[in-house]
>>> print(open('upload.tsv').read())   # TSV, C-alpha atoms
chain	number	residue	atom	x	y	z
E	1	MET	CA	101.20	127.04	84.45
E	2	ILE	CA	103.61	124.13	84.93
E	3	THR	CA	106.97	124.31	83.12
E	4	TYR	CA	108.63	121.26	81.58
E	5	ILE	CA	111.32	121.20	84.25
E	6	GLN	CA	108.70	121.32	86.98
E	7	ALA	CA	106.73	118.59	85.19
E	8	ILE	CA	109.80	116.32	85.06
E	9	ILE	CA	110.57	116.85	88.75
E	10	LEU	CA	106.96	116.37	89.85
E	11	GLY	CA	106.52	113.37	87.54
E	12	ALA	CA	109.57	111.62	88.95
E	13	LEU	CA	108.47	112.53	92.45
E	14	GLN	CA	105.00	111.10	91.88
E	15	GLY	CA	106.22	107.87	90.32
E	16	VAL	CA	108.44	107.18	93.32
E	17	THR	CA	106.32	108.49	96.20
E	18	GLU	CA	103.06	106.93	94.95
E	19	LEU	CA	104.48	103.46	95.55
E	20	PHE	CA	106.80	104.18	98.45
E	21	PRO	CA	104.64	104.63	101.57
E	22	VAL	CA	105.40	108.35	101.84
E	23	SER	CA	102.44	110.02	100.02
E	24	SER	CA	102.82	111.23	96.45
E	25	LEU	CA	100.02	113.77	96.82
E	26	GLY	CA	101.54	115.22	99.98
E	27	HIS	CA	104.93	115.65	98.32
E	28	SER	CA	103.39	117.13	95.16
E	29	ILE	CA	101.70	119.79	97.30
E	30	ILE	CA	104.50	120.48	99.79
E	31	LEU	CA	107.56	120.66	97.51
E	32	PRO	CA	106.27	123.34	95.08
E	33	ALA	CA	105.54	125.51	98.11
E	34	LEU	CA	109.02	124.90	99.57
E	35	PHE	CA	110.66	125.66	96.19
E	36	GLY	CA	108.58	128.81	95.79
E	37	TRP	CA	107.08	127.70	92.49
E	38	ASN	CA	104.26	129.90	91.27
E	39	ILE	CA	101.75	127.08	90.80
E	40	ASP	CA	98.10	127.38	91.77
E	41	GLN	CA	97.73	124.04	93.54
E	42	GLY	CA	93.99	124.48	93.90
E	43	ALA	CA	93.44	124.94	90.17
E	44	ASP	CA	91.86	122.32	87.93
E	45	ALA	CA	94.99	122.35	85.73
E	46	PHE	CA	97.19	121.19	88.61
E	47	LEU	CA	94.64	118.54	89.58
E	48	VAL	CA	94.59	117.25	85.99
E	49	PHE	CA	98.40	117.10	86.01
E	50	LEU	CA	98.34	115.03	89.20
E	51	VAL	CA	95.68	112.72	87.78
E	52	ALA	CA	97.69	112.21	84.58
E	53	THR	CA	100.81	111.21	86.51
E	54	HIS	CA	98.70	108.94	88.71
E	55	PHE	CA	97.19	107.33	85.62
E	56	ALA	CA	100.67	106.60	84.25
E	57	THR	CA	101.57	104.97	87.56
E	58	ALA	CA	98.38	102.89	87.53
E	59	LEU	CA	99.10	101.70	83.99
E	60	VAL	CA	102.60	100.59	85.03
E	61	LEU	CA	101.15	98.74	88.04
E	62	PHE	CA	98.56	97.01	85.88
E	63	LEU	CA	101.14	95.82	83.36
E	64	TYR	CA	103.62	94.80	86.06
E	65	PHE	CA	100.97	92.70	87.84
E	66	LEU	CA	99.20	91.58	84.65
E	67	ARG	CA	99.57	87.88	85.46
E	68	ASP	CA	98.15	88.56	88.92
E	69	TRP	CA	95.15	90.35	87.42
E	70	VAL	CA	94.51	87.40	85.08
E	71	ARG	CA	94.41	85.09	88.11
E	72	ILE	CA	92.22	87.52	90.04
E	73	LEU	CA	89.68	87.72	87.22
E	74	THR	CA	89.43	83.93	87.08
E	75	ASN	CA	89.21	83.42	90.86
E	76	GLY	CA	85.75	84.39	92.11
E	77	ARG	CA	86.64	84.63	95.80
E	78	LEU	CA	89.84	86.58	95.18
E	79	LEU	CA	88.04	88.99	92.84
E	80	ALA	CA	85.29	89.52	95.40
E	81	VAL	CA	87.81	90.37	98.13
E	82	MET	CA	89.47	92.89	95.81
E	83	VAL	CA	86.13	94.52	94.98
E	84	VAL	CA	85.05	94.70	98.64
E	85	ALA	CA	88.39	96.22	99.68
E	86	THR	CA	88.20	98.79	96.86
E	87	ILE	CA	84.68	100.06	97.61
E	88	PRO	CA	85.36	102.19	100.75
E	89	ALA	CA	88.01	104.45	99.19
E	90	GLY	CA	86.14	104.67	95.89
E	91	LEU	CA	82.84	105.60	97.54
E	92	LEU	CA	84.35	108.10	99.97
E	93	GLY	CA	86.37	109.66	97.15
E	94	LEU	CA	83.22	110.30	95.12
E	95	LEU	CA	81.24	111.65	98.08
E	96	LEU	CA	83.98	113.91	99.44
E	97	GLN	CA	85.73	114.90	96.21
E	98	THR	CA	84.82	118.61	96.31
E	99	LYS	CA	85.55	119.06	100.00
E	100	LEU	CA	88.87	117.23	99.82
E	101	GLN	CA	90.07	119.29	96.85
E	102	VAL	CA	90.21	122.33	99.15
E	103	LEU	CA	92.93	120.59	101.17
E	104	PHE	CA	95.11	120.25	98.07
E	105	ALA	CA	95.79	124.00	98.20
E	106	SER	CA	97.22	123.89	101.75
E	107	PRO	CA	100.86	122.76	101.97
E	108	ILE	CA	100.88	123.12	105.77
E	109	ILE	CA	97.90	120.78	106.14
E	110	ALA	CA	99.58	118.29	103.81
E	111	ALA	CA	102.78	118.50	105.88
E	112	CYS	CA	100.82	117.81	109.09
E	113	PHE	CA	99.19	114.77	107.49
E	114	LEU	CA	102.60	113.61	106.25
E	115	ALA	CA	103.89	113.59	109.83
E	116	LEU	CA	100.77	111.68	110.91
E	117	ASN	CA	101.39	109.21	108.08
E	118	GLY	CA	104.74	108.46	109.69
E	119	ALA	CA	103.05	107.83	113.02
E	120	MET	CA	100.55	105.51	111.30
E	121	LEU	CA	103.29	103.46	109.62
E	122	TYR	CA	105.24	103.09	112.84
E	123	GLY	CA	102.12	102.21	114.83
E	124	ALA	CA	101.06	99.58	112.30
E	125	GLU	CA	104.46	97.90	112.51
E	126	ARG	CA	104.31	97.80	116.30
E	127	LEU	CA	100.72	96.55	116.47
E	128	ALA	CA	101.24	93.90	113.78
E	129	ARG	CA	104.26	92.42	115.54
E	130	GLY	CA	103.56	88.86	116.65
E	131	ARG	CA	100.21	88.56	114.88
E	132	ALA	CA	99.32	85.40	112.97
E	133	ASP	CA	100.62	85.49	109.41
E	134	LEU	CA	98.07	84.13	106.93
E	135	SER	CA	100.65	83.68	104.18
E	136	MET	CA	103.35	81.94	106.22
E	137	HIS	CA	102.39	78.51	104.96
E	138	THR	CA	100.51	79.26	101.75
E	139	ASP	CA	100.71	81.22	98.50
E	140	PRO	CA	99.82	84.94	98.32
E	141	ASP	CA	96.56	84.47	96.37
E	142	THR	CA	95.25	82.07	98.98
E	143	ALA	CA	96.30	84.39	101.81
E	144	ILE	CA	94.35	87.30	100.33
E	145	SER	CA	91.32	85.27	99.24
E	146	HIS	CA	91.04	83.80	102.76
E	147	MET	CA	90.61	87.23	104.30
E	148	SER	CA	87.19	87.67	105.86
E	149	TRP	CA	84.83	90.25	104.37
E	150	TRP	CA	85.25	92.38	107.47
E	151	LYS	CA	89.06	92.35	107.17
E	152	ALA	CA	88.80	93.26	103.49
E	153	ILE	CA	86.54	96.21	104.36
E	154	CYS	CA	88.88	97.33	107.14
E	155	THR	CA	91.85	97.25	104.76
E	156	GLY	CA	89.83	99.30	102.27
E	157	LEU	CA	88.90	101.80	104.97
E	158	ALA	CA	92.56	102.11	105.92
E	159	GLN	CA	93.38	102.86	102.28
E	160	SER	CA	90.78	105.66	102.39
E	161	LEU	CA	93.15	107.70	104.55
E	162	ALA	CA	95.08	108.40	101.34
E	163	LEU	CA	92.24	110.72	100.30
E	164	LEU	CA	93.89	113.19	102.69
E	165	PRO	CA	97.00	114.80	101.14
E	166	GLY	CA	99.98	113.59	103.17
E	167	PHE	CA	98.70	110.09	103.88
E	168	SER	CA	100.12	107.40	101.61
E	169	ARG	CA	97.84	105.10	99.61
E	170	THR	CA	100.44	102.33	99.64
E	171	GLY	CA	101.28	102.93	103.29
E	172	SER	CA	97.70	102.99	104.57
E	173	ALA	CA	96.69	99.89	102.58
E	174	LEU	CA	99.89	98.12	103.62
E	175	ALA	CA	99.22	99.00	107.26
E	176	GLY	CA	95.65	97.72	106.91
E	177	GLY	CA	96.86	94.46	105.40
E	178	LEU	CA	99.42	93.97	108.16
E	179	LEU	CA	96.87	94.58	110.89
E	180	ASN	CA	94.49	92.14	109.22
E	181	GLY	CA	96.90	89.21	109.15
E	182	LEU	CA	98.86	89.44	105.91
E	183	SER	CA	102.63	89.19	105.78
E	184	ARG	CA	104.50	92.36	104.89
E	185	SER	CA	105.26	91.19	101.34
E	186	ASP	CA	101.67	90.07	100.72
E	187	ALA	CA	100.28	93.26	102.25
E	188	ALA	CA	102.51	95.29	99.90
E	189	ARG	CA	101.34	93.30	96.87
E	190	PHE	CA	97.71	93.70	97.99
E	191	ALA	CA	98.27	97.47	98.38
E	192	PHE	CA	99.71	97.78	94.85
E	193	LEU	CA	96.81	95.79	93.40
E	194	LEU	CA	94.20	97.84	95.27
E	195	ALA	CA	95.74	101.10	94.08
E	196	THR	CA	95.43	100.22	90.40
E	197	PRO	CA	91.62	100.43	89.88
E	198	LEU	CA	91.25	103.48	92.13
E	199	ILE	CA	93.95	105.52	90.43
E	200	GLY	CA	92.75	104.37	87.02
E	201	ALA	CA	89.14	105.30	87.75
E	202	ALA	CA	90.12	108.78	88.95
E	203	ALA	CA	92.12	109.33	85.78
E	204	ILE	CA	89.31	108.16	83.52
E	205	LEU	CA	87.01	110.74	85.12
E	206	LYS	CA	89.44	113.66	84.86
E	207	LEU	CA	91.70	113.08	81.84
E	208	PRO	CA	89.00	113.84	79.21
E	209	LEU	CA	89.12	117.45	80.47
E	210	ILE	CA	92.54	117.81	78.82
E	211	PHE	CA	91.17	117.09	75.35
E	212	ARG	CA	87.80	118.81	75.82
E	213	ASP	CA	89.41	122.13	76.68
E	214	ALA	CA	93.03	121.69	75.64
E	215	GLY	CA	93.81	125.41	75.76
E	216	ALA	CA	93.09	125.56	79.48
E	217	TYR	CA	95.71	122.97	80.45
E	218	PRO	CA	99.47	122.62	79.82
E	219	VAL	CA	99.13	119.48	77.69
E	220	GLY	CA	102.85	119.19	76.85
E	221	PRO	CA	104.11	119.28	80.46
E	222	ILE	CA	101.28	116.97	81.49
E	223	ILE	CA	102.35	114.32	78.96
E	224	VAL	CA	106.05	114.67	79.88
E	225	GLY	CA	105.25	114.44	83.58
E	226	ALA	CA	103.16	111.32	83.00
E	227	LEU	CA	105.94	109.59	81.03
E	228	VAL	CA	108.52	110.38	83.70
E	229	ALA	CA	106.12	109.14	86.40
E	230	ALA	CA	105.68	105.85	84.52
E	231	GLY	CA	109.44	105.24	84.38
E	232	ALA	CA	109.90	106.11	88.05
E	233	ALA	CA	106.98	103.89	89.04
E	234	LEU	CA	108.44	100.88	87.22
E	235	LEU	CA	111.75	101.20	89.06
E	236	SER	CA	109.94	101.72	92.36
E	237	VAL	CA	107.63	98.71	92.17
E	238	ARG	CA	110.54	96.44	91.23
E	239	PHE	CA	112.50	97.65	94.24
E	240	LEU	CA	109.64	97.59	96.76
E	241	THR	CA	108.36	94.11	95.94
E	242	LYS	CA	111.81	92.84	96.95
E	243	TYR	CA	112.27	95.25	99.84
E	244	PHE	CA	109.11	94.24	101.71
E	245	GLU	CA	110.03	90.56	101.60
E	246	HIS	CA	112.40	91.09	104.53
E	247	LYS	CA	112.30	94.72	105.70
E	248	THR	CA	109.87	96.98	107.57
E	249	MET	CA	108.19	100.34	107.06
E	250	LYS	CA	110.07	101.96	109.96
E	251	PRO	CA	112.57	103.91	107.78
E	252	PHE	CA	109.65	105.41	105.84
E	253	ALA	CA	107.82	106.17	109.09
E	254	ILE	CA	110.80	108.11	110.43
E	255	TYR	CA	111.26	109.96	107.14
E	256	CYS	CA	107.59	111.03	106.97
E	257	ALA	CA	107.52	112.20	110.59
E	258	VAL	CA	110.74	114.23	110.25
E	259	ALA	CA	109.93	115.62	106.78
E	260	GLY	CA	106.41	116.58	107.81
E	261	ILE	CA	107.54	118.39	110.96
E	262	VAL	CA	110.38	120.20	109.16
E	263	ALA	CA	108.02	121.28	106.37
E	264	VAL	CA	105.49	122.63	108.88
E	265	VAL	CA	108.21	124.67	110.57
E	266	ILE	CA	109.60	126.10	107.30
E	267	LEU	CA	106.19	126.87	105.82
E	268	GLY	CA	105.03	128.34	109.12
E	269	ILE	CA	108.01	130.70	109.27
E	270	ARG	CA	107.31	131.88	105.73
>>> encode(input="upload.tsv", output="structure tokens")
Amino acid sequence: MITYIQAIILGALQGVTELFPVSSLGHSIILPALFGWNIDQGADAFLVFLVATHFATALVLFLYFLRDWVRILTNGRLLAVMVVATIPAGLLGLLLQTKLQVLFASPIIAACFLALNGAMLYGAERLARGRADLSMHTDPDTAISHMSWWKAICTGLAQSLALLPGFSRTGSALAGGLLNGLSRSDAARFAFLLATPLIGAAAILKLPLIFRDAGAYPVGPIIVGALVAAGAALLSVRFLTKYFEHKTMKPFAIYCAVAGIVAVVILGIR
């Protein structure tokens, strides 16, 4: 069972780390193990809690970018690029859902992936340096809609790394956007937009379990955790949309690499 204090901490953690490129799922698996919390991270109840906090984050993203979604829905090419880029992660998530859930119960595996997430972020920054910037002389919508189908698919495949606990959805999509010609600010916006339908779809599939068998899940802590996640997500997206206008992912890369390695060492000793 998840206590209210644990729900508040995990909710705040999810709302921040889902949008920062440092993996919300990885942190939600690693930190309870480091704190010694008696939470069965492989149980359906914990998965439902994670989905609820993710849904709250997705709702905040949708409302924050509501004007963008209105433009997307009225721009055929832009909508098509979004759909194409969303398909890889959505399809792989459905096909591998059961197998991937096993990884959620392993904090050491999540810590290893967190360190690899840092390497991915740093590598993307180095490889993207000096590449042509599609949005340097145009608006963000045009930059994204002018992506080729292949680049949209590649960005979606990059986002699929976030199916592994420890890899960041924002970070992997942002890295994919950078490597496929978007500026850092446009790649971040694209990553936030891509995350919304995927997180929302996952929540729609899992949240009904709470009400179908309410006695099996800690409904109160789940709701509190979701509300805290929503508030943290709003603050995070406001900060990050400004941050990525001029700054890089390198600080997050260093953090993930160090935090992942330290967590592996501590968990390994235990």
>>> atom_distance(input="upload.tsv", atom1="CA of Pro197 in chain E", atom2="CA of Ser183 in chain E")
22.4 Å
>>> atom_distance(input="upload.tsv", atom1="CA of Gly36 in chain E", atom2="CA of Val265 in chain E")
15.4 Å
>>> residues_near_point(input="upload.tsv", point="(95.9, 99.8, 91.0)", cutoff="10 Å", atoms="all atoms listed in the file", output="VMD selection string")
chain E and resid 54 to 55 57 to 62 65 86 190 to 201
>>> closest_residue(input="upload.tsv", among="E:Gly93, E:Pro221, E:Gly231, E:Pro21", to="Ala173 in chain E", atoms="all atoms listed in the file")
E:Pro21
>>> closest_residue(input="upload.tsv", among="E:Trp150, E:Leu267, E:Ala253, E:Ala232", to="Gln14 in chain E", atoms="all atoms listed in the file")
E:Ala232
>>> residues_around(input="upload.tsv", residues="Gly268 in chain E", least_positions_apart="5", cutoff="12 Å", atoms="all atoms listed in the file", output="PyMOL selection string")
chain E and resi 33-34+106-109+111-112+260-263
>>> residues_around(input="upload.tsv", residues="Ile222 in chain E", least_positions_apart="5", cutoff="8 Å", atoms="only C-alpha atoms", output="compact mmCIF listing (two decimals) with C-alpha atoms, in the frame of the given file")
# COMPACT_ATOMS: atom_id res chain seq x y z
CA ALA E 7 106.73 118.59 85.19
CA PHE E 49 98.40 117.10 86.01
CA ALA E 52 97.69 112.21 84.58
CA THR E 53 100.81 111.21 86.51
>>> atom_distance(input="upload.tsv", atom1="CA of Leu13 in chain E", atom2="CA of Leu50 in chain E")
10.9 Å
>>> closest_residue(input="upload.tsv", among="E:Ile269, E:Met249, E:Leu79, E:Ala143", to="Ala124 in chain E", atoms="all atoms listed in the file")
E:Met249
>>> residues_around(input="upload.tsv", residues="Ala162 in chain E", least_positions_apart="5", cutoff="8 Å", atoms="only C-alpha atoms", output="PyMOL selection string")
chain E and resi 23+167-169+172
>>> residues_around(input="upload.tsv", residues="Ile8 in chain E", least_positions_apart="6", cutoff="9 Å", atoms="all atoms listed in the file", output="JSON, numbers by chain")
{"E": [221, 224, 225, 226, 227, 228, 229]}
>>> decode(input="upload.tsv", residues="range 172-195 of chain E", atoms="N, CA and C atoms", output="short mmCIF file (atom, residue, chain, number, x, y, z; two decimals), in the first residue's frame")
data_model
loop_
_atom_site.label_atom_id
_atom_site.label_comp_id
_atom_site.auth_asym_id
_atom_site.auth_seq_id
_atom_site.Cartn_x
_atom_site.Cartn_y
_atom_site.Cartn_z
N SER E 172 14.44 11.35 -24.67
CA SER E 172 14.63 10.56 -25.88
C SER E 172 13.97 11.22 -27.09
N ALA E 173 12.77 11.80 -26.88
CA ALA E 173 12.11 12.50 -27.99
C ALA E 173 12.85 13.77 -28.34
N LEU E 174 13.36 14.47 -27.33
CA LEU E 174 14.12 15.69 -27.57
C LEU E 174 15.41 15.37 -28.33
N ALA E 175 16.07 14.29 -27.93
CA ALA E 175 17.28 13.86 -28.63
C ALA E 175 16.96 13.50 -30.08
N GLY E 176 15.84 12.79 -30.28
CA GLY E 176 15.44 12.44 -31.64
C GLY E 176 15.16 13.66 -32.49
N GLY E 177 14.48 14.65 -31.91
CA GLY E 177 14.20 15.88 -32.64
C GLY E 177 15.46 16.64 -32.99
N LEU E 178 16.40 16.70 -32.05
CA LEU E 178 17.68 17.38 -32.32
C LEU E 178 18.43 16.72 -33.47
N LEU E 179 18.50 15.39 -33.42
CA LEU E 179 19.25 14.66 -34.44
C LEU E 179 18.56 14.68 -35.80
N ASN E 180 17.28 15.07 -35.80
CA ASN E 180 16.55 15.14 -37.06
C ASN E 180 16.28 16.57 -37.49
N GLY E 181 17.09 17.52 -36.99
CA GLY E 181 17.12 18.86 -37.56
C GLY E 181 16.36 19.95 -36.86
N LEU E 182 15.67 19.64 -35.75
CA LEU E 182 14.94 20.69 -35.04
C LEU E 182 15.87 21.45 -34.10
N SER E 183 15.53 22.69 -33.82
CA SER E 183 16.26 23.43 -32.80
C SER E 183 15.94 22.82 -31.45
N ARG E 184 16.71 23.18 -30.44
CA ARG E 184 16.50 22.61 -29.11
C ARG E 184 15.13 23.01 -28.57
N SER E 185 14.72 24.25 -28.75
CA SER E 185 13.42 24.69 -28.22
C SER E 185 12.27 24.02 -28.96
N ASP E 186 12.40 23.87 -30.29
CA ASP E 186 11.35 23.20 -31.05
C ASP E 186 11.30 21.71 -30.76
N ALA E 187 12.48 21.11 -30.56
CA ALA E 187 12.53 19.69 -30.23
C ALA E 187 11.87 19.44 -28.87
N ALA E 188 12.08 20.37 -27.91
CA ALA E 188 11.45 20.23 -26.61
C ALA E 188 9.93 20.35 -26.72
N ARG E 189 9.46 21.32 -27.48
CA ARG E 189 8.02 21.49 -27.68
C ARG E 189 7.43 20.25 -28.36
N PHE E 190 8.12 19.73 -29.37
CA PHE E 190 7.67 18.53 -30.07
C PHE E 190 7.60 17.36 -29.10
N ALA E 191 8.60 17.24 -28.21
CA ALA E 191 8.63 16.15 -27.24
C ALA E 191 7.44 16.24 -26.28
N PHE E 192 7.12 17.45 -25.81
CA PHE E 192 5.99 17.63 -24.90
C PHE E 192 4.67 17.29 -25.60
N LEU E 193 4.55 17.69 -26.86
CA LEU E 193 3.33 17.39 -27.61
C LEU E 193 3.19 15.89 -27.86
N LEU E 194 4.29 15.23 -28.20
CA LEU E 194 4.24 13.79 -28.47
C LEU E 194 3.87 13.00 -27.22
N ALA E 195 4.32 13.49 -26.06
CA ALA E 195 4.07 12.76 -24.82
C ALA E 195 2.60 12.74 -24.45
#
